[in-house]
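K.L.:
You'll find query-v5.txt just under this line, and it carries compact mmCIF, N, CA and C atoms.
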```txt
# COMPACT_ATOMS: atom_id res chain seq x y z
N MET A 1160 140.31 79.44 160.42
CA MET A 1160 139.59 79.53 161.68
C MET A 1160 138.09 79.62 161.42
N LEU A 1161 137.35 79.02 162.27
CA LEU A 1161 135.90 79.06 162.19
C LEU A 1161 135.41 80.44 162.54
N ASP A 1162 134.59 81.00 161.69
CA ASP A 1162 134.00 82.31 161.98
C ASP A 1162 132.76 82.06 162.82
N THR A 1163 132.85 82.37 164.12
CA THR A 1163 131.72 82.11 165.01
C THR A 1163 130.67 83.20 164.92
N ASN A 1164 130.97 84.30 164.24
CA ASN A 1164 130.02 85.40 164.06
C ASN A 1164 129.96 85.80 162.59
N PRO A 1165 129.38 84.95 161.73
CA PRO A 1165 129.33 85.32 160.31
C PRO A 1165 128.44 86.53 160.09
N PRO A 1166 128.69 87.30 159.02
CA PRO A 1166 127.87 88.48 158.75
C PRO A 1166 126.44 88.10 158.39
N ALA A 1167 125.56 89.07 158.52
CA ALA A 1167 124.17 88.84 158.14
C ALA A 1167 124.12 88.50 156.65
N GLU A 1168 123.15 87.70 156.27
CA GLU A 1168 123.07 87.23 154.88
C GLU A 1168 123.04 88.38 153.89
N SER A 1169 122.34 89.46 154.20
CA SER A 1169 122.24 90.58 153.26
C SER A 1169 123.57 91.31 153.11
N GLN A 1170 124.46 91.19 154.10
CA GLN A 1170 125.76 91.86 154.05
C GLN A 1170 126.84 90.97 153.47
N TYR A 1171 126.57 89.70 153.35
CA TYR A 1171 127.59 88.73 152.95
C TYR A 1171 127.64 88.61 151.44
N LYS A 1172 128.76 88.98 150.88
CA LYS A 1172 128.98 88.86 149.44
C LYS A 1172 130.22 87.99 149.24
N PRO A 1173 130.04 86.67 149.21
CA PRO A 1173 131.19 85.78 149.16
C PRO A 1173 131.97 85.88 147.86
N THR A 1174 133.26 85.71 147.97
CA THR A 1174 134.13 85.61 146.81
C THR A 1174 134.63 84.18 146.74
N TYR A 1175 135.29 83.84 145.64
CA TYR A 1175 135.87 82.51 145.56
C TYR A 1175 136.91 82.31 146.66
N ALA A 1176 137.63 83.37 147.03
CA ALA A 1176 138.61 83.28 148.11
C ALA A 1176 137.92 82.95 149.44
N ASP A 1177 136.76 83.56 149.69
CA ASP A 1177 136.00 83.26 150.91
C ASP A 1177 135.58 81.79 150.94
N ILE A 1178 135.10 81.31 149.81
CA ILE A 1178 134.66 79.92 149.73
C ILE A 1178 135.84 78.98 149.93
N LEU A 1179 136.97 79.29 149.32
CA LEU A 1179 138.16 78.47 149.49
C LEU A 1179 138.61 78.46 150.95
N ALA A 1180 138.57 79.61 151.61
CA ALA A 1180 138.95 79.68 153.02
C ALA A 1180 138.03 78.81 153.88
N GLN A 1181 136.74 78.83 153.58
CA GLN A 1181 135.81 78.00 154.34
C GLN A 1181 136.05 76.52 154.10
N LEU A 1182 136.35 76.15 152.86
CA LEU A 1182 136.67 74.76 152.57
C LEU A 1182 137.93 74.33 153.30
N ASN A 1183 138.92 75.22 153.35
CA ASN A 1183 140.15 74.92 154.09
C ASN A 1183 139.87 74.75 155.57
N ASP A 1184 138.96 75.55 156.14
CA ASP A 1184 138.57 75.41 157.54
C ASP A 1184 137.97 74.03 157.81
N ILE A 1185 137.09 73.60 156.92
CA ILE A 1185 136.46 72.29 157.08
C ILE A 1185 137.51 71.20 156.96
N GLN A 1186 138.41 71.32 155.98
CA GLN A 1186 139.46 70.33 155.80
C GLN A 1186 140.36 70.26 157.03
N GLU A 1187 140.77 71.42 157.56
CA GLU A 1187 141.62 71.45 158.75
C GLU A 1187 140.91 70.80 159.93
N SER A 1188 139.63 71.09 160.08
CA SER A 1188 138.86 70.52 161.18
C SER A 1188 138.78 69.00 161.06
N LEU A 1189 138.56 68.51 159.85
CA LEU A 1189 138.52 67.06 159.63
C LEU A 1189 139.87 66.42 159.94
N GLU A 1190 140.96 67.07 159.53
CA GLU A 1190 142.29 66.54 159.80
C GLU A 1190 142.57 66.49 161.30
N ILE A 1191 142.15 67.53 162.03
CA ILE A 1191 142.33 67.55 163.48
C ILE A 1191 141.52 66.42 164.12
N ALA A 1192 140.28 66.24 163.66
CA ALA A 1192 139.44 65.17 164.21
C ALA A 1192 140.07 63.81 163.98
N ILE A 1193 140.65 63.61 162.81
CA ILE A 1193 141.31 62.33 162.51
C ILE A 1193 142.54 62.16 163.39
N ASP A 1194 143.37 63.20 163.51
CA ASP A 1194 144.60 63.12 164.31
C ASP A 1194 144.31 62.89 165.79
N LYS A 1195 143.34 63.60 166.34
CA LYS A 1195 143.04 63.51 167.77
C LYS A 1195 142.11 62.35 168.10
N GLY A 1196 141.38 61.88 167.11
CA GLY A 1196 140.46 60.78 167.36
C GLY A 1196 139.09 61.22 167.84
N TYR A 1197 138.87 62.52 167.89
CA TYR A 1197 137.55 63.04 168.27
C TYR A 1197 137.34 64.38 167.57
N PRO A 1198 136.08 64.74 167.33
CA PRO A 1198 135.79 65.99 166.60
C PRO A 1198 136.17 67.23 167.40
N THR A 1199 136.94 68.09 166.76
CA THR A 1199 137.36 69.36 167.36
C THR A 1199 137.35 70.42 166.28
N ILE A 1200 136.88 71.60 166.61
CA ILE A 1200 136.98 72.71 165.67
C ILE A 1200 137.77 73.83 166.31
N LYS A 1201 138.42 74.61 165.48
CA LYS A 1201 139.17 75.77 165.95
C LYS A 1201 138.30 77.01 165.77
N ALA A 1202 138.38 77.90 166.74
CA ALA A 1202 137.68 79.18 166.66
C ALA A 1202 138.65 80.26 167.11
N GLU A 1203 138.60 81.39 166.44
CA GLU A 1203 139.51 82.47 166.78
C GLU A 1203 139.30 82.95 168.20
N GLY A 1204 140.41 83.08 168.94
CA GLY A 1204 140.36 83.67 170.27
C GLY A 1204 139.87 82.76 171.38
N VAL A 1205 139.58 81.51 171.06
CA VAL A 1205 139.14 80.57 172.10
C VAL A 1205 139.88 79.25 171.90
N PRO A 1206 139.96 78.45 172.97
CA PRO A 1206 140.59 77.13 172.80
C PRO A 1206 139.80 76.28 171.82
N ASP A 1207 140.44 75.23 171.33
CA ASP A 1207 139.74 74.31 170.44
C ASP A 1207 138.45 73.85 171.10
N ILE A 1208 137.42 73.71 170.31
CA ILE A 1208 136.11 73.31 170.81
C ILE A 1208 135.90 71.83 170.48
N ARG A 1209 135.75 71.02 171.53
CA ARG A 1209 135.48 69.60 171.33
C ARG A 1209 133.97 69.42 171.20
N MET A 1210 133.56 68.60 170.24
CA MET A 1210 132.14 68.42 169.96
C MET A 1210 131.79 66.94 169.97
N SER A 1211 130.52 66.66 170.18
CA SER A 1211 130.05 65.28 170.02
C SER A 1211 130.08 64.95 168.52
N ASP A 1212 130.09 63.67 168.21
CA ASP A 1212 130.09 63.26 166.80
C ASP A 1212 128.90 63.85 166.06
N LYS A 1213 127.72 63.78 166.67
CA LYS A 1213 126.50 64.28 166.03
C LYS A 1213 126.59 65.79 165.80
N ASP A 1214 127.02 66.54 166.82
CA ASP A 1214 127.14 68.00 166.67
C ASP A 1214 128.17 68.35 165.60
N TYR A 1215 129.26 67.60 165.57
CA TYR A 1215 130.30 67.86 164.59
C TYR A 1215 129.78 67.63 163.17
N LEU A 1216 129.08 66.52 162.98
CA LEU A 1216 128.53 66.23 161.65
C LEU A 1216 127.51 67.28 161.25
N GLU A 1217 126.69 67.73 162.19
CA GLU A 1217 125.73 68.80 161.89
C GLU A 1217 126.46 70.09 161.52
N TRP A 1218 127.55 70.41 162.25
CA TRP A 1218 128.34 71.60 161.96
C TRP A 1218 128.92 71.51 160.55
N ALA A 1219 129.54 70.36 160.23
CA ALA A 1219 130.16 70.18 158.91
C ALA A 1219 129.10 70.26 157.81
N LEU A 1220 127.96 69.62 158.01
CA LEU A 1220 126.90 69.66 157.01
C LEU A 1220 126.39 71.08 156.81
N GLU A 1221 126.22 71.82 157.88
CA GLU A 1221 125.76 73.21 157.76
C GLU A 1221 126.76 74.06 156.99
N ARG A 1222 128.06 73.89 157.28
CA ARG A 1222 129.09 74.65 156.56
C ARG A 1222 129.08 74.29 155.08
N ILE A 1223 128.97 73.00 154.77
CA ILE A 1223 128.97 72.57 153.37
C ILE A 1223 127.73 73.09 152.65
N ASN A 1224 126.57 73.04 153.30
CA ASN A 1224 125.35 73.58 152.69
C ASN A 1224 125.48 75.08 152.42
N CYS A 1225 126.11 75.81 153.34
CA CYS A 1225 126.33 77.25 153.13
C CYS A 1225 127.23 77.48 151.92
N LEU A 1226 128.26 76.66 151.77
CA LEU A 1226 129.16 76.79 150.63
C LEU A 1226 128.43 76.50 149.32
N ILE A 1227 127.60 75.48 149.32
CA ILE A 1227 126.82 75.17 148.12
C ILE A 1227 125.92 76.34 147.76
N TYR A 1228 125.27 76.92 148.75
CA TYR A 1228 124.40 78.08 148.54
C TYR A 1228 125.21 79.25 147.97
N ASP A 1229 126.41 79.49 148.53
CA ASP A 1229 127.26 80.58 148.03
C ASP A 1229 127.64 80.37 146.57
N VAL A 1230 128.04 79.15 146.24
CA VAL A 1230 128.45 78.84 144.87
C VAL A 1230 127.26 79.00 143.92
N GLU A 1231 126.09 78.53 144.33
CA GLU A 1231 124.90 78.67 143.48
C GLU A 1231 124.56 80.14 143.25
N ASN A 1232 124.70 80.97 144.28
CA ASN A 1232 124.44 82.40 144.12
C ASN A 1232 125.42 83.05 143.15
N ILE A 1233 126.68 82.68 143.26
CA ILE A 1233 127.69 83.22 142.35
C ILE A 1233 127.39 82.78 140.92
N GLN A 1234 127.03 81.51 140.74
CA GLN A 1234 126.69 81.01 139.41
C GLN A 1234 125.49 81.76 138.83
N GLU A 1235 124.49 82.01 139.67
CA GLU A 1235 123.30 82.73 139.22
C GLU A 1235 123.66 84.16 138.78
N LYS A 1236 124.50 84.82 139.55
CA LYS A 1236 124.90 86.19 139.20
C LYS A 1236 125.71 86.20 137.91
N LEU A 1237 126.59 85.21 137.75
CA LEU A 1237 127.36 85.13 136.51
C LEU A 1237 126.45 84.88 135.31
N ALA A 1238 125.44 84.03 135.48
CA ALA A 1238 124.49 83.77 134.40
C ALA A 1238 123.72 85.03 134.04
N GLN A 1239 123.33 85.82 135.05
CA GLN A 1239 122.63 87.08 134.79
C GLN A 1239 123.52 88.05 134.03
N LEU A 1240 124.79 88.14 134.44
CA LEU A 1240 125.73 89.03 133.76
C LEU A 1240 125.95 88.58 132.32
N LEU A 1241 126.05 87.28 132.13
CA LEU A 1241 126.22 86.74 130.78
C LEU A 1241 125.01 87.06 129.92
N GLN A 1242 123.82 86.93 130.47
CA GLN A 1242 122.60 87.24 129.73
C GLN A 1242 122.55 88.72 129.37
N ILE A 1243 122.89 89.59 130.32
CA ILE A 1243 122.92 91.03 130.06
C ILE A 1243 123.92 91.34 128.96
N ASN A 1244 125.09 90.73 129.04
CA ASN A 1244 126.13 90.95 128.04
C ASN A 1244 125.66 90.46 126.68
N CYS A 1245 125.03 89.31 126.64
CA CYS A 1245 124.53 88.76 125.37
C CYS A 1245 123.44 89.66 124.80
N ASP A 1246 122.51 90.10 125.65
CA ASP A 1246 121.43 90.98 125.19
C ASP A 1246 121.98 92.28 124.63
N THR A 1247 122.99 92.83 125.29
CA THR A 1247 123.59 94.09 124.85
C THR A 1247 124.31 93.90 123.52
N ASN A 1248 125.09 92.85 123.40
CA ASN A 1248 125.86 92.62 122.18
C ASN A 1248 124.98 92.19 121.02
N CYS A 1249 123.90 91.49 121.31
CA CYS A 1249 123.00 91.04 120.24
C CYS A 1249 122.23 92.20 119.63
N GLU A 1250 122.02 93.26 120.39
CA GLU A 1250 121.27 94.41 119.89
C GLU A 1250 122.12 95.28 118.97
N LEU A 1251 123.42 95.15 119.04
CA LEU A 1251 124.31 96.01 118.24
C LEU A 1251 124.36 95.61 116.81
```
As C-alpha cells - that is how I would like this structure written.
P.N.:
Amino acid sequence: MLDTNPPAESQYKPTYADILAQLNDIQESLEIAIDKGYPTIKAEGVPDIRMSDKDYLEWALERINCLIYDVENIQEKLAQLLQINCDTNCEL
C-alpha cells in the first residue's frame, strides 16, 4: 500500500525490508495500471486513486528517486562502519 503520510526525513531510518516493500508497491501499481489500462495507485483506507499519465509517472519517479536515496544512505553508513572497523582493527 502507498504510504500517503511518510515519516519526516529525520525520523525515517529505512531498512532493506522497507525498501523492498516500497519496490513491491511500485510493482503492484504498475501491474494494476497495465491490467486496468490506466494509472491507478492503492492507498490504505481509501479507494484506488486514478491518476493522469503525467501524474502517475511523476509519482513513480518520485518513489524511485526516494528508494535510490535510501539505498545510497545505507551504503554510506555501511562504508563508514567498515572504515571504523578497519581503523580499529588496524590499530591493534
K.L.:
Take atom N of Ile1233 (chain A) and CA of Leu1179 (chain A) and report the distance between them in Å, one decimal.
P.N.:
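Answer for the atom N of Ile1233 (chain A) to CA of Leu1179 (chain A) separation: 13.7 Å.
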K.L.:
Separation of atom C of Tyr1197 (chain A) and atom N of Arg1209 (chain A), in Å?
P.N.:
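Pair atom C of Tyr1197 (chain A) / atom N of Arg1209 (chain A) returns 7.9 Å.
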K.L.:
With all atoms listed in the file as the atoms that count, which of A:Leu1237, A:Ile1223, A:Leu1216, A:Asp1229 lies nearest to Pro1173 (chain A)?
P.N.:
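Looking only at the distances to Pro1173 (chain A), the closest residue turns out to be A:Asp1229.
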K.L.:
Record the distance separating CA of Leu1226 (chain A) and atom N of Asp1177 (chain A), expressed in Å with one decimal.
P.N.:
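A separation of 10.2 Å between them.
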K.L.:
Find the residue from A:Glu1221, A:Lys1201, A:Ala1176, A:Pro1206 that sits nearest to Ser1188 (chain A); use only C-alpha atoms when measuring.
P.N.:
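That would be A:Lys1201, the residue with the smallest distance to Ser1188 (chain A).
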K.L.:
Give the strand (DSSP E) residues of chain A, as assigned by DSSP on the backbone, as a VMD selection string.
P.N.:
chain A and resid 1199 to 1202 1205 to 1209
K.L.:
Could you save the residues just selected, with N, CA and C atoms, as a short mmCIF file (atom, residue, chain, number, x, y, z; two decimals), keeping the file's coordinate frame?
P.N.:
```cif
data_model
loop_
_atom_site.label_atom_id
_atom_site.label_comp_id
_atom_site.auth_asym_id
_atom_site.auth_seq_id
_atom_site.Cartn_x
_atom_site.Cartn_y
_atom_site.Cartn_z
N THR A 1199 136.94 68.09 166.76
CA THR A 1199 137.36 69.36 167.36
C THR A 1199 137.35 70.42 166.28
N ILE A 1200 136.88 71.60 166.61
CA ILE A 1200 136.98 72.71 165.67
C ILE A 1200 137.77 73.83 166.31
N LYS A 1201 138.42 74.61 165.48
CA LYS A 1201 139.17 75.77 165.95
C LYS A 1201 138.30 77.01 165.77
N ALA A 1202 138.38 77.90 166.74
CA ALA A 1202 137.68 79.18 166.66
C ALA A 1202 138.65 80.26 167.11
N VAL A 1205 139.58 81.51 171.06
CA VAL A 1205 139.14 80.57 172.10
C VAL A 1205 139.88 79.25 171.90
N PRO A 1206 139.96 78.45 172.97
CA PRO A 1206 140.59 77.13 172.80
C PRO A 1206 139.80 76.28 171.82
N ASP A 1207 140.44 75.23 171.33
CA ASP A 1207 139.74 74.31 170.44
C ASP A 1207 138.45 73.85 171.10
N ILE A 1208 137.42 73.71 170.31
CA ILE A 1208 136.11 73.31 170.81
C ILE A 1208 135.90 71.83 170.48
N ARG A 1209 135.75 71.02 171.53
CA ARG A 1209 135.48 69.60 171.33
C ARG A 1209 133.97 69.42 171.20
#
```
K.L.:
Please identify the helix (DSSP H, G or I) residues within chain A (assignment by DSSP from backbone atoms) and present them as a PyMOL selection string.
P.N.:
chain A and resi 1168-1170+1175-1195+1212-1250
